[in-house]
Each structure stands twice: as structure tokens, then as C-alpha cells.
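Chemist: Enclosed is the structure file work_22.pdb (PDB, C-alpha atoms).
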```pdb
MODEL        1
ATOM      1  CA  MET A   1      34.616  72.491 102.557
ATOM      2  CA  SER A   2      35.583  73.075  98.938
ATOM      3  CA  GLY A   3      35.576  71.438  95.550
ATOM      4  CA  GLN A   4      38.388  69.255  94.273
ATOM      5  CA  LEU A   5      40.791  69.321  91.360
ATOM      6  CA  ILE A   6      40.440  66.280  89.131
ATOM      7  CA  ILE A   7      43.509  65.590  87.028
ATOM      8  CA  VAL A   8      42.722  63.601  83.886
ATOM      9  CA  SER A   9      45.571  62.409  81.677
ATOM     10  CA  ALA A  10      45.680  60.089  78.690
ATOM     11  CA  PRO A  11      47.792  59.391  75.617
ATOM     12  CA  SER A  12      46.492  60.532  72.244
ATOM     13  CA  GLY A  13      43.862  58.114  70.964
ATOM     14  CA  ALA A  14      42.584  56.983  74.368
ATOM     15  CA  GLY A  15      39.276  58.844  73.964
ATOM     16  CA  LYS A  16      39.765  61.325  76.796
ATOM     17  CA  THR A  17      38.284  64.370  75.034
ATOM     18  CA  THR A  18      35.063  62.572  74.128
ATOM     19  CA  MET A  19      34.731  61.201  77.652
ATOM     20  CA  LEU A  20      35.236  64.591  79.301
ATOM     21  CA  LYS A  21      32.614  66.238  77.077
ATOM     22  CA  ARG A  22      30.112  63.566  78.086
ATOM     23  CA  VAL A  23      30.915  63.868  81.795
ATOM     24  CA  ILE A  24      30.699  67.678  81.795
ATOM     25  CA  GLY A  25      27.170  67.356  80.424
ATOM     26  CA  THR A  26      26.195  64.730  83.005
ATOM     27  CA  VAL A  27      27.678  65.648  86.395
ATOM     28  CA  ALA A  28      26.480  68.753  88.260
ATOM     29  CA  ARG A  29      28.853  71.358  89.735
ATOM     30  CA  LEU A  30      31.685  70.292  87.480
ATOM     31  CA  SER A  31      33.775  72.774  85.500
ATOM     32  CA  PHE A  32      36.602  72.508  83.014
ATOM     33  CA  SER A  33      39.901  74.320  83.416
ATOM     34  CA  VAL A  34      40.777  76.278  80.271
ATOM     35  CA  SER A  35      44.525  76.557  79.714
ATOM     36  CA  HIS A  36      46.519  79.569  78.555
ATOM     37  CA  THR A  37      48.708  79.249  75.461
ATOM     38  CA  THR A  38      50.907  81.426  73.288
ATOM     39  CA  ARG A  39      50.190  79.508  70.094
ATOM     40  CA  GLN A  40      47.893  80.922  67.454
ATOM     41  CA  PRO A  41      44.213  79.852  67.446
ATOM     42  CA  ARG A  42      43.332  77.073  65.033
ATOM     43  CA  PRO A  43      40.246  77.269  62.804
ATOM     44  CA  GLY A  44      37.129  76.849  64.920
ATOM     45  CA  GLU A  45      38.821  77.474  68.262
ATOM     46  CA  ILE A  46      37.161  80.036  70.514
ATOM     47  CA  GLU A  47      38.819  82.292  73.096
ATOM     48  CA  GLY A  48      37.850  81.216  76.594
ATOM     49  CA  ARG A  49      36.364  77.906  75.483
ATOM     50  CA  ASP A  50      39.314  76.081  73.949
ATOM     51  CA  TYR A  51      42.164  78.210  75.319
ATOM     52  CA  TYR A  52      43.000  81.658  76.582
ATOM     53  CA  PHE A  53      45.273  82.913  73.827
ATOM     54  CA  THR A  54      48.026  85.270  74.931
ATOM     55  CA  ASP A  55      51.498  86.403  73.876
ATOM     56  CA  ASP A  56      54.943  85.492  75.197
ATOM     57  CA  SER A  57      55.306  88.717  77.166
ATOM     58  CA  ARG A  58      52.080  88.268  79.126
ATOM     59  CA  PHE A  59      52.769  84.583  79.687
ATOM     60  CA  GLN A  60      56.247  85.334  81.026
ATOM     61  CA  GLN A  61      54.741  87.945  83.335
ATOM     62  CA  MET A  62      52.298  85.380  84.726
ATOM     63  CA  ILE A  63      55.185  82.974  85.323
ATOM     64  CA  ALA A  64      57.101  85.684  87.207
ATOM     65  CA  GLU A  65      54.014  86.398  89.314
ATOM     66  CA  HIS A  66      53.573  82.671  90.110
ATOM     67  CA  GLY A  67      50.255  82.769  88.307
ATOM     68  CA  PHE A  68      50.365  79.167  87.043
ATOM     69  CA  ILE A  69      49.969  75.957  88.964
ATOM     70  CA  GLU A  70      51.826  74.263  86.094
ATOM     71  CA  TRP A  71      53.234  75.356  82.747
ATOM     72  CA  ALA A  72      55.475  74.033  80.001
ATOM     73  CA  ARG A  73      57.003  75.031  76.684
ATOM     74  CA  VAL A  74      55.979  72.643  73.913
ATOM     75  CA  HIS A  75      57.038  73.003  70.279
ATOM     76  CA  GLU A  76      58.053  76.654  70.713
ATOM     77  CA  ASN A  77      54.789  77.588  72.456
ATOM     78  CA  TYR A  78      53.875  77.981  76.111
ATOM     79  CA  TYR A  79      50.956  76.195  77.783
ATOM     80  CA  GLY A  80      49.861  76.705  81.389
ATOM     81  CA  THR A  81      47.074  76.302  83.935
ATOM     82  CA  ALA A  82      46.296  79.547  85.753
ATOM     83  CA  LEU A  83      46.045  79.234  89.535
ATOM     84  CA  ALA A  84      43.540  82.005  90.407
ATOM     85  CA  PRO A  85      40.543  80.550  88.476
ATOM     86  CA  LEU A  86      41.145  77.168  90.129
ATOM     87  CA  ARG A  87      41.052  78.671  93.607
ATOM     88  CA  ASP A  88      37.910  80.645  92.752
ATOM     89  CA  ALA A  89      36.111  77.547  91.442
ATOM     90  CA  LEU A  90      37.109  75.425  94.448
ATOM     91  CA  ALA A  91      35.865  78.153  96.799
ATOM     92  CA  GLU A  92      32.490  77.972  95.023
ATOM     93  CA  ASN A  93      32.351  74.235  95.794
ATOM     94  CA  LEU A  94      32.934  73.262  92.161
ATOM     95  CA  ASP A  95      35.053  70.322  91.086
ATOM     96  CA  VAL A  96      37.467  71.259  88.297
ATOM     97  CA  LEU A  97      38.659  68.932  85.544
ATOM     98  CA  LEU A  98      42.298  69.474  84.595
ATOM     99  CA  ASP A  99      43.110  67.959  81.195
ATOM    100  CA  ILE A 100      46.915  67.845  81.477
ATOM    101  CA  ASP A 101      49.780  65.535  80.536
ATOM    102  CA  VAL A 102      51.783  63.324  82.897
ATOM    103  CA  GLN A 103      54.438  65.985  83.521
ATOM    104  CA  GLY A 104      51.870  68.628  84.438
ATOM    105  CA  ALA A 105      50.015  66.087  86.571
ATOM    106  CA  ALA A 106      53.133  65.385  88.628
ATOM    107  CA  ILE A 107      53.585  69.112  89.254
ATOM    108  CA  VAL A 108      49.965  69.657  90.318
ATOM    109  CA  ARG A 109      49.983  66.619  92.600
ATOM    110  CA  GLY A 110      52.959  68.216  94.332
ATOM    111  CA  GLN A 111      50.812  71.233  95.248
ATOM    112  CA  SER A 112      49.655  69.733  98.537
ATOM    113  CA  ALA A 113      47.719  72.887  99.495
ATOM    114  CA  LEU A 114      45.004  72.076  96.938
ATOM    115  CA  PRO A 115      42.620  69.078  97.172
ATOM    116  CA  VAL A 116      43.334  66.871  94.163
ATOM    117  CA  TYR A 117      43.012  63.344  92.836
ATOM    118  CA  SER A 118      44.086  61.902  89.500
ATOM    119  CA  ILE A 119      42.665  59.649  86.800
ATOM    120  CA  PHE A 120      44.511  58.032  83.894
ATOM    121  CA  ILE A 121      42.621  56.896  80.786
ATOM    122  CA  MET A 122      44.080  54.419  78.333
ATOM    123  CA  ALA A 123      43.067  52.314  75.356
ATOM    124  CA  PRO A 124      42.601  48.571  75.982
ATOM    125  CA  THR A 125      45.773  47.585  74.104
ATOM    126  CA  PRO A 126      48.705  49.307  72.377
ATOM    127  CA  GLU A 127      47.451  47.842  69.104
ATOM    128  CA  GLU A 128      44.027  49.434  69.578
ATOM    129  CA  LEU A 129      45.647  52.753  70.414
ATOM    130  CA  GLU A 130      47.669  52.618  67.190
ATOM    131  CA  ARG A 131      44.534  51.707  65.219
ATOM    132  CA  ARG A 132      42.721  54.756  66.601
ATOM    133  CA  LEU A 133      45.627  57.077  65.860
ATOM    134  CA  ARG A 134      45.925  55.787  62.299
ATOM    135  CA  GLY A 135      42.189  56.229  61.853
ATOM    136  CA  ARG A 136      42.532  59.957  62.448
ATOM    137  CA  ARG A 137      44.668  60.359  59.308
ATOM    138  CA  THR A 138      46.083  63.627  60.669
ATOM    139  CA  GLU A 139      49.813  62.855  60.533
ATOM    140  CA  ASP A 140      52.424  61.267  58.324
ATOM    141  CA  GLU A 141      54.102  58.001  59.301
ATOM    142  CA  LYS A 142      56.979  59.716  61.107
ATOM    143  CA  GLY A 143      54.629  61.850  63.193
ATOM    144  CA  LEU A 144      52.441  58.841  63.918
ATOM    145  CA  ARG A 145      55.367  56.756  65.146
ATOM    146  CA  GLY A 146      56.365  59.639  67.404
ATOM    147  CA  ARG A 147      52.880  59.799  68.934
ATOM    148  CA  ILE A 148      52.852  56.048  69.497
ATOM    149  CA  ARG A 149      56.247  56.200  71.213
ATOM    150  CA  GLN A 150      55.083  59.084  73.392
ATOM    151  CA  ALA A 151      51.883  57.210  74.256
ATOM    152  CA  ARG A 152      53.867  54.195  75.461
ATOM    153  CA  GLU A 153      56.001  56.452  77.665
ATOM    154  CA  GLU A 154      52.900  58.081  79.135
ATOM    155  CA  MET A 155      51.191  54.741  79.792
ATOM    156  CA  ALA A 156      54.220  53.704  81.836
ATOM    157  CA  GLN A 157      53.187  56.427  84.323
ATOM    158  CA  ALA A 158      49.618  55.127  84.767
ATOM    159  CA  GLY A 159      50.507  53.519  88.093
ATOM    160  CA  THR A 160      51.235  56.910  89.655
ATOM    161  CA  TYR A 161      47.565  57.927  89.330
ATOM    162  CA  ASP A 162      44.798  57.296  91.858
ATOM    163  CA  TYR A 163      42.469  55.722  89.301
ATOM    164  CA  LEU A 164      42.845  53.933  85.970
ATOM    165  CA  ILE A 165      40.098  53.645  83.344
ATOM    166  CA  VAL A 166      40.583  51.363  80.339
ATOM    167  CA  ASN A 167      38.409  52.886  77.639
ATOM    168  CA  GLU A 168      37.225  49.822  75.773
ATOM    169  CA  ASP A 169      33.525  50.725  75.804
ATOM    170  CA  LEU A 170      32.785  54.473  75.778
ATOM    171  CA  ASP A 171      29.476  54.351  77.677
ATOM    172  CA  ARG A 172      30.914  52.134  80.400
ATOM    173  CA  SER A 173      34.032  54.293  80.685
ATOM    174  CA  VAL A 174      31.965  57.470  81.036
ATOM    175  CA  ASP A 175      29.871  55.760  83.731
ATOM    176  CA  THR A 176      33.066  54.771  85.549
ATOM    177  CA  LEU A 177      34.429  58.313  85.438
ATOM    178  CA  CYS A 178      31.135  59.686  86.771
ATOM    179  CA  ALA A 179      31.150  57.058  89.522
ATOM    180  CA  ILE A 180      34.661  58.057  90.611
ATOM    181  CA  ILE A 181      33.607  61.702  90.922
ATOM    182  CA  VAL A 182      30.496  60.791  92.927
ATOM    183  CA  ALA A 183      32.503  58.470  95.207
ATOM    184  CA  GLU A 184      35.106  61.175  95.876
ATOM    185  CA  ARG A 185      32.300  63.590  96.736
ATOM    186  CA  ALA A 186      30.843  61.061  99.181
ATOM    187  CA  LYS A 187      34.263  60.781 100.812
ATOM    188  CA  GLN A 188      34.125  64.546 101.345
ATOM    189  CA  ARG A 189      30.592  64.287 102.806
ATOM    190  CA  ARG A 190      29.129  65.852  99.689
ATOM    191  CA  SER A 191      26.077  64.712  97.741
ATOM    192  CA  PRO A 192      26.340  63.291  94.197
ATOM    193  CA  ASP A 193      25.446  66.807  92.985
ATOM    194  CA  GLY A 194      28.399  68.233  94.892
ATOM    195  CA  GLU A 195      26.483  69.950  97.679
ATOM    196  CA  PRO A 196      27.608  69.561 101.313
ATOM    197  CA  ILE A 197      25.647  66.908 103.223
ATOM    198  CA  ARG A 198      24.211  68.476 106.355
ATOM    199  CA  TRP A 199      22.892  66.378 109.196
ATOM    200  CA  HIS A 200      22.089  66.806 112.851
ATOM    201  CA  GLU A 201      23.888  64.808 115.502
ATOM    202  CA  PRO A 202      21.502  62.808 117.736
ATOM    203  CA  HIS A 203      20.868  64.390 121.129
TER     204      HIS A 203
ENDMDL
END
```
Would you mind giving the structure from this file in C-alpha cells?
Modeler:
Amino acid sequence: MSGQLIIVSAPSGAGKTTMLKRVIGTVARLSFSVSHTTRQPRPGEIEGRDYYFTDDSRFQQMIAEHGFIEWARVHENYYGTALAPLRDALAENLDVLLDIDVQGAAIVRGQSALPVYSIFIMAPTPEELERRLRGRRTEDEKGLRGRIRQAREEMAQAGTYDYLIVNEDLDRSVDTLCAIIVAERAKQRRSPDGEPIRWHEPH
């Protein structure tokens, strides 16, 4: 028996990051996969918590050694999910949250050797998603329109996931995500805390 990989994807503005922080603090034996990247750290980011920051040479070496379960080049930088830490965590009976996009999710789901299920999080309406993105005030109009277009493309892939959560109410959505994890553990004959359920067959 081992833990499971939990793919979580969502378009920008769906509230995924806030939800995952809440769930990590609520559900036992749950860890978060930290990605590798070649981009420079942003102010406030911490090595090993937000990303593992590396250079192109090391990243390319890890690709050659098949060290990633998925990777991509985005805006001139590489991003990837290392395979070895995932296997180690699963062997320790931990469930691992993978915060990855729809392309990475499709790649990981194709790795049939690893136990995995997937969850897609979305805003209640496209209009609400746009309202949330505009409320961030982090991009100009051109960049905002690009994010909205990308979000619509990602939402079109929601049907390929095992579960869908519409994040209209944060507390309810967090409860739903926790319930999915507990239900998947029960399917594996594991307790809500992730421990194997042991019982004796009647004589």
C-alpha cells in the first residue's frame, strides 16, 4: 500500500492556491510537491518552499536522466516535477498534491505506474473569473485578456479530470476537496488520516 498523487489544476483566478494552503493545514499525511524551475526567485520566494531554483545545465541533465515526471518550457524558463521525491513520499504512505497545469496533468495521468487521481477547480462563471483577475491589478489589459483566453481553454479540459470543484464559496470548496481526499483513502482501505486500516478476518 502507498500514498497517491493528487493532481490539482485550475485557471488563474479560481482560488486554487488559497484552497491548497487550507487543505495542507487540515488533512494529515498530505504533502506538497515543490517544482524545479530555472527562473530567478521573486521577492519573498524561498528555496525549497516555493520552488527548487536551478540553472539550465542542471535542468537539462535531469531531463536526460529521466528525472522528471513532467516538465515544460514556459516563457524562456523551464519548470518540472522531479520524480524521485514523489516516489519517496508515496513509499512513506503520504499523499502528494501536484499543482500543475492541464498539459502537465495529461502527462502525469499517462504514467500508469503511479497511483493518481485528478481534481479541477474553477470559478462559478467566466464573468466571476474575469472579476477576480481584474481585482488582482497585476497586469495590463493585454496581459489580462491573454489570461482570460488561456483560462477558457483550460476550463474546456475540466471534463478530463476525475473530480470538478466549482469554487463559489471558499469554505465549502475546501470541505469538498478534503472530502475527496478522505473518500479516495477509504477506497484504498486507508483511514481519513491516511493510515492503513487493519482488520482481522472472522474465523
Chemist: Identify all residues satisfying the PyMOL selection byres ((chain A and resi 2) around 10) in the given file; provide them as a list of chain:residue names.
Modeler: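 Here the PyMOL selection byres ((chain A and resi 2) around 10) matches A:Met1, A:Gly3, A:Gln4, A:Leu5, A:Arg87, A:Ala89, A:Leu90, A:Ala91, A:Glu92, A:Asn93, A:Leu94, A:Asp95, A:Leu114, A:Pro115, A:Gln188, A:Arg190, A:Gly194, A:Glu195, A:Pro196.
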Chemist: Any idea what the distance is between CA of Val174 in chain A and CA of Leu133 in chain A?
Modeler: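 According to the coordinates, CA of Val174 in chain A and CA of Leu133 in chain A are separated by 20.4 Å.
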Chemist: Using CA of Gly15 in chain A and CA of Leu170 in chain A as the two end points, give the distance in Å to one decimal.
Modeler: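 About the pair CA of Gly15 in chain A and CA of Leu170 in chain A: they are 8.0 Å apart.
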Chemist: Spell out the residues picked by the PyMOL selection byres ((chain A and resi 11) around 10) here, as a list in words.
Modeler: Ser9, Ala10, Ser12, Gly13, Ala14, Gly15, Lys16, Asp101, Val102, Phe120, Ile121, Met122, Ala123, Leu129, Arg147, Ile148, Gln150, Ala151, Arg152, Glu153, Glu154 and Met155 of chain A
Chemist: Using CA of Ser33 in chain A and CA of Ala82 in chain A as the two end points, give the distance in Å to one decimal.
Modeler: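 Separating CA of Ser33 in chain A from CA of Ala82 in chain A is a distance of 8.6 Å.
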Chemist: May I ask which of the residues A:Lys187, A:Arg109, A:Arg39, A:Arg29 is the closest one to Ile69 in chain A, counting only C-alpha atoms?
Modeler: A:Arg109
Chemist: Output the residue selection produced by the PyMOL selection byres ((chain A and resi 54) around 7) on the file above, formatted as number ranges by chain.
Modeler: A: 36-38, 52-53, 55-56, 58-59
Chemist: Have a look at A:Gly143, A:Leu97, A:Leu83, A:Gly67 and name the one nearest to Thr17 in chain A; count only C-alpha atoms.
Modeler: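 Result for the nearest residue to Thr17 in chain A: A:Leu97.
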Chemist: Please give the centre and size of the box around range 159-174 of chain A (axis-aligned, containing every atom listed in the file, 5 Å added per side), with values in Å to one decimal and written as AutoDock Vina command-line options.
Modeler:
```
--center_x 40.4 --center_y 53.9 --center_z 83.8 --size_x 31.8 --size_y 18.1 --size_z 26.1
```
